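**Q** For reference, the file target17.cif (mmCIF, C-alpha atoms, pLDDT in the B column; chains and numbers go by the auth columns) is included below:
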data_final
loop_
_atom_site.group_PDB
_atom_site.id
_atom_site.type_symbol
_atom_site.label_atom_id
_atom_site.label_comp_id
_atom_site.label_asym_id
_atom_site.label_seq_id
_atom_site.Cartn_x
_atom_site.Cartn_y
_atom_site.Cartn_z
_atom_site.B_iso_or_equiv
_atom_site.auth_seq_id
_atom_site.auth_asym_id
ATOM 1 C CA GLN A 1 77.289 97.320 57.722 35.00 234 A
ATOM 2 C CA GLY A 2 77.173 99.321 60.924 36.00 235 A
ATOM 3 C CA GLY A 3 77.746 102.683 59.270 39.00 236 A
ATOM 4 C CA GLU A 4 80.743 104.378 57.725 44.00 237 A
ATOM 5 C CA GLU A 5 84.190 102.895 58.018 50.00 238 A
ATOM 6 C CA LYS A 6 85.987 104.129 61.093 62.00 239 A
ATOM 7 C CA GLU A 7 89.359 105.751 60.618 70.00 240 A
ATOM 8 C CA TRP A 8 91.014 104.413 63.735 75.00 241 A
ATOM 9 C CA MET A 9 91.523 100.832 64.755 74.00 242 A
ATOM 10 C CA LEU A 10 92.047 99.450 68.219 75.00 243 A
ATOM 11 C CA ASN A 11 94.566 96.717 69.030 76.00 244 A
ATOM 12 C CA PRO A 12 94.254 95.439 72.583 72.00 245 A
ATOM 13 C CA THR A 13 96.912 93.210 74.084 73.00 246 A
ATOM 14 C CA LEU A 14 96.949 90.620 76.827 66.00 247 A
ATOM 15 C CA HIS A 15 98.155 92.994 79.520 71.00 248 A
ATOM 16 C CA GLY A 16 95.493 95.647 79.055 77.00 249 A
ATOM 17 C CA ARG A 17 97.489 97.975 76.846 83.00 250 A
ATOM 18 C CA GLU A 18 95.710 99.449 73.866 86.00 251 A
ATOM 19 C CA PHE A 19 97.072 100.795 70.617 88.00 252 A
ATOM 20 C CA PHE A 20 95.186 102.925 68.150 90.00 253 A
ATOM 21 C CA VAL A 21 96.347 103.042 64.550 86.00 254 A
ATOM 22 C CA LYS A 22 94.787 104.283 61.363 84.00 255 A
ATOM 23 C CA ARG A 23 92.966 101.611 59.436 78.00 256 A
ATOM 24 C CA ALA A 24 94.726 102.739 56.301 75.00 257 A
ATOM 25 C CA HIS A 25 98.055 101.874 57.907 75.00 258 A
ATOM 26 C CA ALA A 26 97.045 98.363 58.836 70.00 259 A
ATOM 27 C CA LEU A 27 98.206 96.770 55.632 60.00 260 A
ATOM 28 C CA PRO A 28 99.318 93.324 56.801 61.00 261 A
ATOM 29 C CA SER A 29 97.203 90.619 55.234 56.00 262 A
ATOM 30 C CA ARG A 30 95.879 89.054 58.411 58.00 263 A
ATOM 31 C CA ILE A 31 94.453 92.338 59.662 59.00 264 A
ATOM 32 C CA LYS A 32 93.303 93.333 56.243 59.00 265 A
ATOM 33 C CA ALA A 33 91.433 90.049 55.894 58.00 266 A
ATOM 34 C CA MET A 34 89.813 90.597 59.267 56.00 267 A
ATOM 35 C CA LEU A 35 88.676 94.036 58.337 55.00 268 A
ATOM 36 C CA SER A 36 87.593 93.522 54.755 57.00 269 A
ATOM 37 C CA GLY A 37 86.267 90.085 53.966 52.00 270 A
ATOM 38 C CA PRO A 38 84.877 88.118 52.231 54.00 271 A
ATOM 39 C CA GLY A 39 82.436 87.348 54.984 54.00 272 A
ATOM 40 C CA GLN A 40 81.766 89.462 57.987 55.00 273 A
ATOM 41 C CA PHE A 41 84.245 89.190 60.819 56.00 274 A
ATOM 42 C CA ALA A 42 83.619 90.470 64.304 55.00 275 A
ATOM 43 C CA GLU A 43 86.720 92.641 64.058 55.00 276 A
ATOM 44 C CA ASN A 44 85.155 94.622 61.261 57.00 277 A
ATOM 45 C CA GLU A 45 81.974 95.160 63.224 59.00 278 A
ATOM 46 C CA ILE A 46 83.650 96.604 66.298 62.00 279 A
ATOM 47 C CA ASN A 47 86.758 97.987 64.624 69.00 280 A
ATOM 48 C CA GLU A 48 88.938 96.133 67.079 74.00 281 A
ATOM 49 C CA VAL A 49 91.580 93.517 66.449 74.00 282 A
ATOM 50 C CA ASN A 50 92.856 91.466 69.372 73.00 283 A
ATOM 51 C CA PHE A 51 96.445 90.335 69.532 71.00 284 A
ATOM 52 C CA ARG A 52 96.515 88.379 72.759 69.00 285 A
ATOM 53 C CA ASP A 53 99.514 86.371 71.673 73.00 286 A
ATOM 54 C CA ILE A 54 101.742 89.357 70.922 75.00 287 A
ATOM 55 C CA PRO A 55 103.437 91.166 73.837 78.00 288 A
ATOM 56 C CA SER A 56 102.613 94.833 74.187 81.00 289 A
ATOM 57 C CA HIS A 57 106.169 96.024 73.562 80.00 290 A
ATOM 58 C CA ALA A 58 106.324 94.013 70.346 80.00 291 A
ATOM 59 C CA LEU A 59 102.911 95.202 69.229 82.00 292 A
ATOM 60 C CA SER A 60 103.994 98.771 69.851 84.00 293 A
ATOM 61 C CA LYS A 61 106.856 98.220 67.460 83.00 294 A
ATOM 62 C CA VAL A 62 104.516 96.565 64.989 82.00 295 A
ATOM 63 C CA CYS A 63 102.266 99.624 65.015 84.00 296 A
ATOM 64 C CA ARG A 64 105.286 101.812 64.300 84.00 297 A
ATOM 65 C CA CYS A 65 106.132 99.500 61.415 82.00 298 A
ATOM 66 C CA PHE A 66 102.689 100.024 59.948 81.00 299 A
ATOM 67 C CA THR A 67 103.249 103.759 59.749 80.00 300 A
ATOM 68 C CA TYR A 68 106.805 103.343 58.520 81.00 301 A
ATOM 69 C CA GLU A 69 105.732 101.003 55.730 78.00 302 A
ATOM 70 C CA VAL A 70 103.063 103.409 54.549 76.00 303 A
ATOM 71 C CA ARG A 71 105.485 106.306 54.638 76.00 304 A
ATOM 72 C CA SER A 72 108.253 104.494 52.845 75.00 305 A
ATOM 73 C CA ALA A 73 105.853 103.282 50.164 72.00 306 A
ATOM 74 C CA SER A 74 104.572 106.769 49.462 71.00 307 A
ATOM 75 C CA SER A 75 107.851 108.629 49.788 69.00 308 A
ATOM 76 C CA SER A 76 109.826 109.501 46.706 72.00 309 A
ATOM 77 C CA THR A 77 112.931 110.212 48.748 71.00 310 A
ATOM 78 C CA GLU A 78 114.904 107.837 50.865 71.00 311 A
ATOM 79 C CA ILE A 79 113.878 107.718 54.503 69.00 312 A
ATOM 80 C CA PRO A 80 115.975 106.552 57.449 74.00 313 A
ATOM 81 C CA VAL A 81 116.193 102.872 58.216 73.00 314 A
ATOM 82 C CA PHE A 82 113.758 101.433 60.721 76.00 315 A
ATOM 83 C CA LEU A 83 115.908 100.252 63.590 74.00 316 A
ATOM 84 C CA VAL A 84 114.944 97.319 65.779 75.00 317 A
ATOM 85 C CA ALA A 85 116.584 96.609 69.115 75.00 318 A
ATOM 86 C CA ALA A 86 118.051 93.131 69.462 75.00 319 A
ATOM 87 C CA ALA A 87 116.038 92.501 72.604 75.00 320 A
ATOM 88 C CA VAL A 88 112.723 92.783 70.773 74.00 321 A
ATOM 89 C CA ALA A 89 113.817 91.408 67.406 76.00 322 A
ATOM 90 C CA ARG A 90 112.799 87.828 68.120 78.00 323 A
ATOM 91 C CA GLU A 91 109.313 88.730 69.288 76.00 324 A
ATOM 92 C CA LEU A 92 108.946 91.135 66.406 76.00 325 A
ATOM 93 C CA LEU A 93 109.794 88.392 63.960 77.00 326 A
ATOM 94 C CA MET A 94 107.240 86.128 65.600 76.00 327 A
ATOM 95 C CA ALA A 95 104.655 88.882 65.401 73.00 328 A
ATOM 96 C CA ALA A 96 105.500 89.469 61.756 72.00 329 A
ATOM 97 C CA ASN A 97 105.049 85.782 61.069 73.00 330 A
ATOM 98 C CA SER A 98 101.762 85.782 62.926 70.00 331 A
ATOM 99 C CA LEU A 99 100.525 88.792 61.014 68.00 332 A
ATOM 100 C CA ASP A 100 101.827 87.448 57.724 64.00 333 A
ATOM 101 C CA CYS A 101 103.723 90.628 56.967 60.00 334 A
ATOM 102 C CA MET B 1 105.799 117.987 55.925 75.00 212 B
ATOM 103 C CA ASP B 2 104.488 115.118 57.998 86.00 213 B
ATOM 104 C CA VAL B 3 105.256 114.623 61.636 91.00 214 B
ATOM 105 C CA PHE B 4 104.883 111.206 63.249 91.00 215 B
ATOM 106 C CA LEU B 5 103.701 111.030 66.824 92.00 216 B
ATOM 107 C CA THR B 6 102.821 108.572 69.542 93.00 217 B
ATOM 108 C CA ILE B 7 100.413 109.984 72.078 92.00 218 B
ATOM 109 C CA SER B 8 100.642 108.069 75.340 90.00 219 B
ATOM 110 C CA CYS B 9 97.870 108.132 77.902 87.00 220 B
ATOM 111 C CA HIS B 10 98.168 105.604 80.710 84.00 221 B
ATOM 112 C CA LYS B 11 97.842 102.238 78.971 86.00 222 B
ATOM 113 C CA THR B 12 96.695 103.688 75.673 89.00 223 B
ATOM 114 C CA THR B 13 98.961 104.691 72.812 91.00 224 B
ATOM 115 C CA ILE B 14 97.865 106.413 69.624 92.00 225 B
ATOM 116 C CA PHE B 15 100.057 106.212 66.538 91.00 226 B
ATOM 117 C CA MET B 16 99.352 109.084 64.221 89.00 227 B
ATOM 118 C CA ASP B 17 100.831 111.473 61.705 89.00 228 B
ATOM 119 C CA ALA B 18 100.050 115.116 61.204 92.00 229 B
ATOM 120 C CA LYS B 19 101.313 118.179 59.420 93.00 230 B
ATOM 121 C CA GLU B 20 103.886 120.426 61.054 93.00 231 B
ATOM 122 C CA SER B 21 101.324 123.218 60.815 94.00 232 B
ATOM 123 C CA THR B 22 98.765 121.312 62.899 94.00 233 B
ATOM 124 C CA THR B 23 97.937 123.123 66.108 95.00 234 B
ATOM 125 C CA MET B 24 97.858 121.454 69.483 94.00 235 B
ATOM 126 C CA PHE B 25 94.143 122.149 69.712 94.00 236 B
ATOM 127 C CA GLU B 26 93.564 120.319 66.425 94.00 237 B
ATOM 128 C CA LEU B 27 95.606 117.470 67.810 94.00 238 B
ATOM 129 C CA LYS B 28 93.366 117.418 70.867 94.00 239 B
ATOM 130 C CA ARG B 29 90.324 117.259 68.621 94.00 240 B
ATOM 131 C CA THR B 30 91.773 114.175 66.954 92.00 241 B
ATOM 132 C CA VAL B 31 92.393 112.614 70.351 91.00 242 B
ATOM 133 C CA GLU B 32 88.840 113.483 71.333 91.00 243 B
ATOM 134 C CA GLY B 33 87.527 111.482 68.410 89.00 244 B
ATOM 135 C CA ILE B 34 89.457 108.444 69.587 89.00 245 B
ATOM 136 C CA LEU B 35 89.406 108.589 73.387 88.00 246 B
ATOM 137 C CA LYS B 36 86.177 110.578 73.750 88.00 247 B
ATOM 138 C CA GLN B 37 87.950 113.054 76.004 89.00 248 B
ATOM 139 C CA PRO B 38 87.069 116.722 75.379 91.00 249 B
ATOM 140 C CA PRO B 39 89.967 119.041 74.466 92.00 250 B
ATOM 141 C CA GLY B 40 89.335 121.077 77.601 91.00 251 B
ATOM 142 C CA GLU B 41 90.173 118.022 79.714 90.00 252 B
ATOM 143 C CA GLN B 42 93.384 117.234 77.846 91.00 253 B
ATOM 144 C CA GLN B 43 96.857 118.444 78.643 91.00 254 B
ATOM 145 C CA LEU B 44 99.501 117.575 76.089 92.00 255 B
ATOM 146 C CA TYR B 45 103.132 117.521 77.111 92.00 256 B
ATOM 147 C CA LYS B 46 106.467 117.341 75.395 91.00 257 B
ATOM 148 C CA ASP B 47 108.738 115.914 78.064 88.00 258 B
ATOM 149 C CA ASP B 48 107.718 118.061 81.060 86.00 259 B
ATOM 150 C CA GLN B 49 106.587 121.067 79.082 89.00 260 B
ATOM 151 C CA LEU B 50 102.883 121.767 78.768 91.00 261 B
ATOM 152 C CA LEU B 51 102.002 122.527 75.162 92.00 262 B
ATOM 153 C CA ASP B 52 99.862 125.531 74.362 93.00 263 B
ATOM 154 C CA ASP B 53 96.700 124.981 72.314 92.00 264 B
ATOM 155 C CA GLY B 54 97.488 127.764 69.903 94.00 265 B
ATOM 156 C CA LYS B 55 100.949 126.561 68.948 94.00 266 B
ATOM 157 C CA THR B 56 101.673 124.370 65.977 94.00 267 B
ATOM 158 C CA LEU B 57 103.615 121.135 66.102 94.00 268 B
ATOM 159 C CA ARG B 58 106.546 122.882 64.478 94.00 269 B
ATOM 160 C CA GLU B 59 106.501 125.643 67.062 94.00 270 B
ATOM 161 C CA CYS B 60 106.475 123.033 69.797 93.00 271 B
ATOM 162 C CA GLY B 61 109.570 121.390 68.381 93.00 272 B
ATOM 163 C CA PHE B 62 107.974 118.574 66.405 93.00 273 B
ATOM 164 C CA THR B 63 109.353 118.555 62.869 92.00 274 B
ATOM 165 C CA SER B 64 109.703 115.994 60.125 88.00 275 B
ATOM 166 C CA GLN B 65 113.401 115.835 61.008 88.00 276 B
ATOM 167 C CA THR B 66 112.905 115.145 64.701 90.00 277 B
ATOM 168 C CA ALA B 67 109.703 113.075 64.453 90.00 278 B
ATOM 169 C CA GLY B 68 110.070 110.734 61.513 86.00 279 B
ATOM 170 C CA PRO B 69 108.244 107.470 60.834 85.00 280 B
ATOM 171 C CA GLN B 70 111.216 105.404 61.983 82.00 281 B
ATOM 172 C CA ALA B 71 111.260 107.185 65.378 86.00 282 B
ATOM 173 C CA PRO B 72 107.988 108.983 66.165 89.00 283 B
ATOM 174 C CA ALA B 73 108.017 111.687 68.816 92.00 284 B
ATOM 175 C CA THR B 74 106.130 111.076 72.035 92.00 285 B
ATOM 176 C CA VAL B 75 103.433 113.418 73.260 92.00 286 B
ATOM 177 C CA GLY B 76 102.326 112.866 76.823 91.00 287 B
ATOM 178 C CA LEU B 77 98.692 112.942 77.848 89.00 288 B
ATOM 179 C CA PRO B 78 98.375 112.467 81.579 86.00 289 B
ATOM 180 C CA PHE B 79 95.638 110.112 82.622 74.00 290 B
ATOM 181 C CA SER B 80 93.245 112.023 84.797 63.00 291 B
ATOM 182 C CA SER B 81 90.074 111.128 86.569 55.00 292 B
ATOM 183 C CA PRO B 82 87.827 113.502 88.483 53.00 293 B
ATOM 184 C CA PRO B 83 88.784 113.780 92.152 51.00 294 B
ATOM 185 C CA LYS B 84 86.560 111.955 94.611 52.00 295 B
ATOM 186 C CA LEU B 85 84.039 114.104 96.413 54.00 296 B
ATOM 187 C CA PRO B 86 84.622 114.177 100.181 55.00 297 B
ATOM 188 C CA ASP B 87 81.828 112.585 102.204 58.00 298 B
ATOM 189 C CA VAL B 88 80.890 115.855 103.897 57.00 299 B
ATOM 190 C CA MET B 89 80.218 117.417 100.506 56.00 300 B
ATOM 191 C CA LYS B 90 78.015 114.610 99.245 57.00 301 B
ATOM 192 C CA PRO B 91 74.301 115.320 98.946 58.00 302 B
ATOM 193 C CA GLN B 92 72.496 114.656 102.209 58.00 303 B
ATOM 194 C CA ASP B 93 69.727 112.298 101.109 55.00 304 B
ATOM 195 C CA SER B 94 67.956 109.430 102.827 49.00 305 B
ATOM 196 C CA GLY B 95 69.530 106.933 100.485 48.00 306 B
ATOM 197 C CA SER B 96 73.084 107.933 101.321 47.00 307 B
ATOM 198 C CA SER B 97 74.889 105.117 103.052 49.00 308 B
ATOM 199 C CA ALA B 98 77.201 107.586 104.768 47.00 309 B
ATOM 200 C CA ASN B 99 74.323 109.072 106.770 47.00 310 B
ATOM 201 C CA LYS B 100 72.619 105.891 107.832 50.00 311 B
ATOM 202 C CA GLN B 101 72.822 105.256 111.542 51.00 312 B
ATOM 203 C CA VAL B 102 73.601 101.697 112.416 52.00 313 B
ATOM 204 C CA VAL B 103 70.766 100.414 114.585 55.00 314 B
ATOM 205 C CA HIS B 104 71.452 97.229 116.436 57.00 315 B
ATOM 206 C CA LYS B 105 68.163 95.433 116.463 64.00 316 B
ATOM 207 C CA CYS B 106 67.172 92.227 118.045 68.00 317 B
ATOM 208 C CA TRP B 107 65.833 89.439 115.870 70.00 318 B
ATOM 209 C CA GLN B 108 64.346 91.167 112.845 60.00 319 B
ATOM 210 C CA GLU B 109 60.745 90.389 113.621 59.00 320 B
ATOM 211 C CA CYS B 110 61.119 91.508 117.227 64.00 321 B
ATOM 212 C CA GLY B 111 62.404 95.043 116.562 66.00 322 B
ATOM 213 C CA GLY B 112 63.753 95.583 120.070 69.00 323 B
ATOM 214 C CA LYS B 113 67.215 96.800 120.946 68.00 324 B
ATOM 215 C CA ARG B 114 69.832 94.168 120.453 68.00 325 B
ATOM 216 C CA THR B 115 71.547 93.097 123.641 71.00 326 B
ATOM 217 C CA LEU B 116 73.035 89.763 124.523 72.00 327 B
ATOM 218 C CA VAL B 117 70.520 89.110 127.300 71.00 328 B
ATOM 219 C CA ARG B 118 67.550 90.115 125.183 71.00 329 B
ATOM 220 C CA VAL B 119 68.629 88.138 122.104 72.00 330 B
ATOM 221 C CA TRP B 120 69.199 84.884 123.943 75.00 331 B
ATOM 222 C CA HIS B 121 66.900 85.136 126.969 76.00 332 B
ATOM 223 C CA LYS B 122 64.287 87.847 127.134 75.00 333 B
ATOM 224 C CA CYS B 123 63.182 88.092 123.518 78.00 334 B
ATOM 225 C CA GLN B 124 59.779 86.550 122.876 78.00 335 B
ATOM 226 C CA LEU B 125 61.092 84.849 119.746 78.00 336 B
ATOM 227 C CA VAL B 126 63.547 82.685 121.672 82.00 337 B
ATOM 228 C CA GLN B 127 61.159 81.695 124.466 84.00 338 B
ATOM 229 C CA PRO B 128 59.812 78.680 122.552 85.00 339 B
ATOM 230 C CA LEU B 129 63.397 77.538 122.065 86.00 340 B
ATOM 231 C CA TRP B 130 64.164 77.598 125.801 86.00 341 B
ATOM 232 C CA LYS B 131 60.868 76.012 126.694 87.00 342 B
ATOM 233 C CA ALA B 132 61.530 73.150 124.295 87.00 343 B
ATOM 234 C CA LEU B 133 65.022 72.765 125.695 88.00 344 B
ATOM 235 C CA TRP B 134 63.744 72.754 129.279 86.00 345 B
ATOM 236 C CA ARG B 135 61.138 70.105 128.485 86.00 346 B
ATOM 237 C CA PHE B 136 63.836 67.984 126.892 85.00 347 B
ATOM 238 C CA LEU B 137 66.081 68.283 129.916 86.00 348 B
ATOM 239 C CA LYS B 138 63.292 67.401 132.287 86.00 349 B
ATOM 240 C CA LYS B 139 62.394 64.407 130.222 84.00 350 B
ATOM 241 C CA LEU B 140 66.020 63.438 130.106 81.00 351 B
ATOM 242 C CA LYS B 141 66.232 63.622 133.882 78.00 352 B
ATOM 243 C CA THR B 142 63.154 61.455 134.407 72.00 353 B
ATOM 244 C CA GLU B 143 64.521 58.826 132.027 59.00 354 B
ATOM 245 C CA THR B 144 67.897 58.543 133.680 53.00 355 B
ATOM 246 C CA PRO B 145 68.860 55.142 135.217 54.00 356 B
ATOM 247 C CA ASN B 146 68.095 54.488 138.854 50.00 357 B
ATOM 248 C CA ASP B 147 71.747 54.864 139.722 43.00 358 B
ATOM 249 C CA ALA B 148 71.567 58.546 138.935 44.00 359 B
ATOM 250 C CA GLU B 149 68.583 59.039 141.295 44.00 360 B
ATOM 251 C CA SER B 150 70.259 57.257 144.132 44.00 361 B
ATOM 252 C CA HIS B 151 72.864 60.011 144.384 43.00 362 B
ATOM 253 C CA PHE B 152 70.104 62.418 145.483 41.00 363 B
#
Would you mind writing the structure in this file as structure tokens?
**A**
Amino acid sequence: QGGEEKEWMLNPTLHGREFFVKRAHALPSRIKAMLSGPGQFAENEINEVNFRDIPSHALSKVCRCFTYEVRSASSSTEIPVFLVAAAVARELLMAANSLDC
Amino acid sequence: MDVFLTISCHKTTIFMDAKESTTMFELKRTVEGILKQPPGEQQLYKDDQLLDDGKTLRECGFTSQTAGPQAPATVGLPFSSPPKLPDVMKPQDSGSSANKQVVHKCWQECGGKRTLVRVWHKCQLVQPLWKALWRFLKKLKTETPNDAESHF
């Protein structure tokens, strides 16, 4: 409903920062559930998923993870390890738990 | 080969991937679809170097080796807004607040020039107020105790 599926998805954070990622890269189950159904969620209507409880620097890392996961899944060769700084590891783990990924 | 980029514009970040053969103009077209900013108004930078529209990502130094998914390369997109028009260059119309002369008027219904004496003494609108006050004072004087009159 509302026309064709949009390619890009918007993730606003509490501090006004915005992140655009491809919908195809947003594989985590919580986002996927928001965007697919069953039932119509507001996020699917406006193509925007709010993560007010995730800091912007952690969400930035999460968005990079999305792309990395897609790339690693589709790559037949080994790709470099995704490094996470210790300072952001805790918040990243919390975000991962929140996103169920 | 795929190149992974983060395009940063003020508080907005776009995570995307593209081919090494993608030109900067094509990249701007993608950004246009997201941020609704025409390519002509975009300036893409790698560090401090302005990137030419005709060059490919590879030619600009973005390769699958240097811009992988684990560490995307950053492309800068300065946030720009149109400069404010100076007041002297604004259209001279009657509705422009910059051209309105401030007219100090007396009480709105009076329409005369606003001065302290006129507002509180000479204006016709305040005459009833002073007349009422004068009547009150006279009445107050006639109702004073006899002791007050004996002083005169």
**Q** Which polymer residues have any atom within 12 Å of an atom of B:His332, counting only C-alpha atoms, with same-chain residues fewer than 5 positions away left out, as a list in words?
**A** Cys317, Trp318, Arg325, Thr326, Leu327, Val337, Gln338, Pro339, Leu340, Trp341 and Lys342 of chain B
**Q** Could you dump the residues just selected with C-alpha atoms as a short mmCIF file (atom, residue, chain, number, x, y, z; two decimals), in the coordinates of the input?
**A**
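Just written: selection05.cif:
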data_model
loop_
_atom_site.label_atom_id
_atom_site.label_comp_id
_atom_site.auth_asym_id
_atom_site.auth_seq_id
_atom_site.Cartn_x
_atom_site.Cartn_y
_atom_site.Cartn_z
CA CYS B 317 67.17 92.23 118.04
CA TRP B 318 65.83 89.44 115.87
CA ARG B 325 69.83 94.17 120.45
CA THR B 326 71.55 93.10 123.64
CA LEU B 327 73.04 89.76 124.52
CA VAL B 337 63.55 82.68 121.67
CA GLN B 338 61.16 81.69 124.47
CA PRO B 339 59.81 78.68 122.55
CA LEU B 340 63.40 77.54 122.06
CA TRP B 341 64.16 77.60 125.80
CA LYS B 342 60.87 76.01 126.69
#
**Q** Between B:Pro280, B:Phe273, B:Arg240, B:Glu231, which residue has the minimum interatomic distance to chain A, considering all atoms listed in the file?
**A**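 Counting all atoms listed in the file, the residue closest to chain A is B:Pro280.
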**Q** Find the distance between atom CA of A:Glu324 and atom CA of A:His248 and write it in Å to one decimal.
**A**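 So the two atoms, atom CA of A:Glu324 and atom CA of A:His248, lie 15.7 Å apart.
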**Q** Nearest to chain A: which of B:Ala278, B:Leu348, B:Cys271, B:Leu261 is it, counting all atoms listed in the file?
**A**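 When distances to chain A are compared using all atoms listed in the file, the smallest one comes from B:Ala278.
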**Q** Give the residues of chain A that lie within 8 Å of chain B; count all atoms listed in the file, and format the answer as a ChimeraX atom specification.
**A** /A:241,249-255,296-298,300-301,304,313-316
**Q** Just the selected residues (C-alpha atoms), exported as a JSON list (two decimals), in the coordinates of the input, please.
**A**
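That gives us again_4.json:
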[["chain", "number", "residue", "atom", "x", "y", "z"],
["A", 241, "TRP", "CA", 91.01, 104.41, 63.74],
["A", 249, "GLY", "CA", 95.49, 95.65, 79.06],
["A", 250, "ARG", "CA", 97.49, 97.98, 76.85],
["A", 251, "GLU", "CA", 95.71, 99.45, 73.87],
["A", 252, "PHE", "CA", 97.07, 100.80, 70.62],
["A", 253, "PHE", "CA", 95.19, 102.92, 68.15],
["A", 254, "VAL", "CA", 96.35, 103.04, 64.55],
["A", 255, "LYS", "CA", 94.79, 104.28, 61.36],
["A", 296, "CYS", "CA", 102.27, 99.62, 65.02],
["A", 297, "ARG", "CA", 105.29, 101.81, 64.30],
["A", 298, "CYS", "CA", 106.13, 99.50, 61.42],
["A", 300, "THR", "CA", 103.25, 103.76, 59.75],
["A", 301, "TYR", "CA", 106.80, 103.34, 58.52],
["A", 304, "ARG", "CA", 105.48, 106.31, 54.64],
["A", 313, "PRO", "CA", 115.98, 106.55, 57.45],
["A", 314, "VAL", "CA", 116.19, 102.87, 58.22],
["A", 315, "PHE", "CA", 113.76, 101.43, 60.72],
["A", 316, "LEU", "CA", 115.91, 100.25, 63.59]]
**Q** Go ahead and compute the interatomic distance for atom CA of B:Thr267 and atom CA of B:Ala284, in Å to one decimal.
**A**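 Rounded to one decimal, the two atoms are 14.5 Å apart.
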**Q** So what do you get for atom CA of B:Val328 versus atom CA of B:Arg346, distance-wise?
**A**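 Computing the Euclidean distance for atom CA of B:Val328 and atom CA of B:Arg346 yields 21.2 Å.
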**Q** Ranking B:Leu344, B:Val330, B:Ala229, B:Leu238 by minimum distance to B:Leu262 and counting all atoms listed in the file, which one comes first?
**A**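 For B:Leu262, the nearest of the candidates is B:Leu238.
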**Q** (105.2, 121.6, 73.8) in this file's frame - what residues fall within 12 Å of it? Use only C-alpha atoms and give the answer as number ranges by chain.
**A** B: 234-236, 254-273, 284-288
**Q** Which is closer to B:Ser275 than all the others in B:Thr241, B:Gln253, B:Thr353, B:Ser232, using only C-alpha atoms?
**A** B:Ser232
**Q** Identify all residues satisfying the PyMOL selection byres ((chain A and resi 295) around 12) in the given file; provide them as a CSV table (one decimal) with C-alpha atoms, in the coordinates of the input.
**A**
chain,number,residue,atom,x,y,z
A,244,ASN,CA,94.6,96.7,69.0
A,252,PHE,CA,97.1,100.8,70.6
A,253,PHE,CA,95.2,102.9,68.2
A,254,VAL,CA,96.3,103.0,64.6
A,258,HIS,CA,98.1,101.9,57.9
A,259,ALA,CA,97.0,98.4,58.8
A,260,LEU,CA,98.2,96.8,55.6
A,261,PRO,CA,99.3,93.3,56.8
A,284,PHE,CA,96.4,90.3,69.5
A,287,ILE,CA,101.7,89.4,70.9
A,288,PRO,CA,103.4,91.2,73.8
A,289,SER,CA,102.6,94.8,74.2
A,290,HIS,CA,106.2,96.0,73.6
A,291,ALA,CA,106.3,94.0,70.3
A,292,LEU,CA,102.9,95.2,69.2
A,293,SER,CA,104.0,98.8,69.9
A,294,LYS,CA,106.9,98.2,67.5
A,296,CYS,CA,102.3,99.6,65.0
A,297,ARG,CA,105.3,101.8,64.3
A,298,CYS,CA,106.1,99.5,61.4
A,299,PHE,CA,102.7,100.0,59.9
A,300,THR,CA,103.2,103.8,59.7
A,301,TYR,CA,106.8,103.3,58.5
A,302,GLU,CA,105.7,101.0,55.7
A,315,PHE,CA,113.8,101.4,60.7
A,317,VAL,CA,114.9,97.3,65.8
A,321,VAL,CA,112.7,92.8,70.8
A,322,ALA,CA,113.8,91.4,67.4
A,324,GLU,CA,109.3,88.7,69.3
A,325,LEU,CA,108.9,91.1,66.4
A,326,LEU,CA,109.8,88.4,64.0
A,327,MET,CA,107.2,86.1,65.6
A,328,ALA,CA,104.7,88.9,65.4
A,329,ALA,CA,105.5,89.5,61.8
A,330,ASN,CA,105.0,85.8,61.1
A,331,SER,CA,101.8,85.8,62.9
A,332,LEU,CA,100.5,88.8,61.0
A,333,ASP,CA,101.8,87.4,57.7
A,334,CYS,CA,103.7,90.6,57.0
B,226,PHE,CA,100.1,106.2,66.5
B,281,GLN,CA,111.2,105.4,62.0
**Q** Kindly compute an axis-aligned box around the listed atoms of stretch 268-280 of chain B, allowing 5 Å on each side, and express its centre and edge lengths in Å to one decimal as JSON.
**A**
{"center_x": 108.5, "center_y": 116.6, "center_z": 65.0, "size_x": 19.8, "size_y": 28.2, "size_z": 19.7}
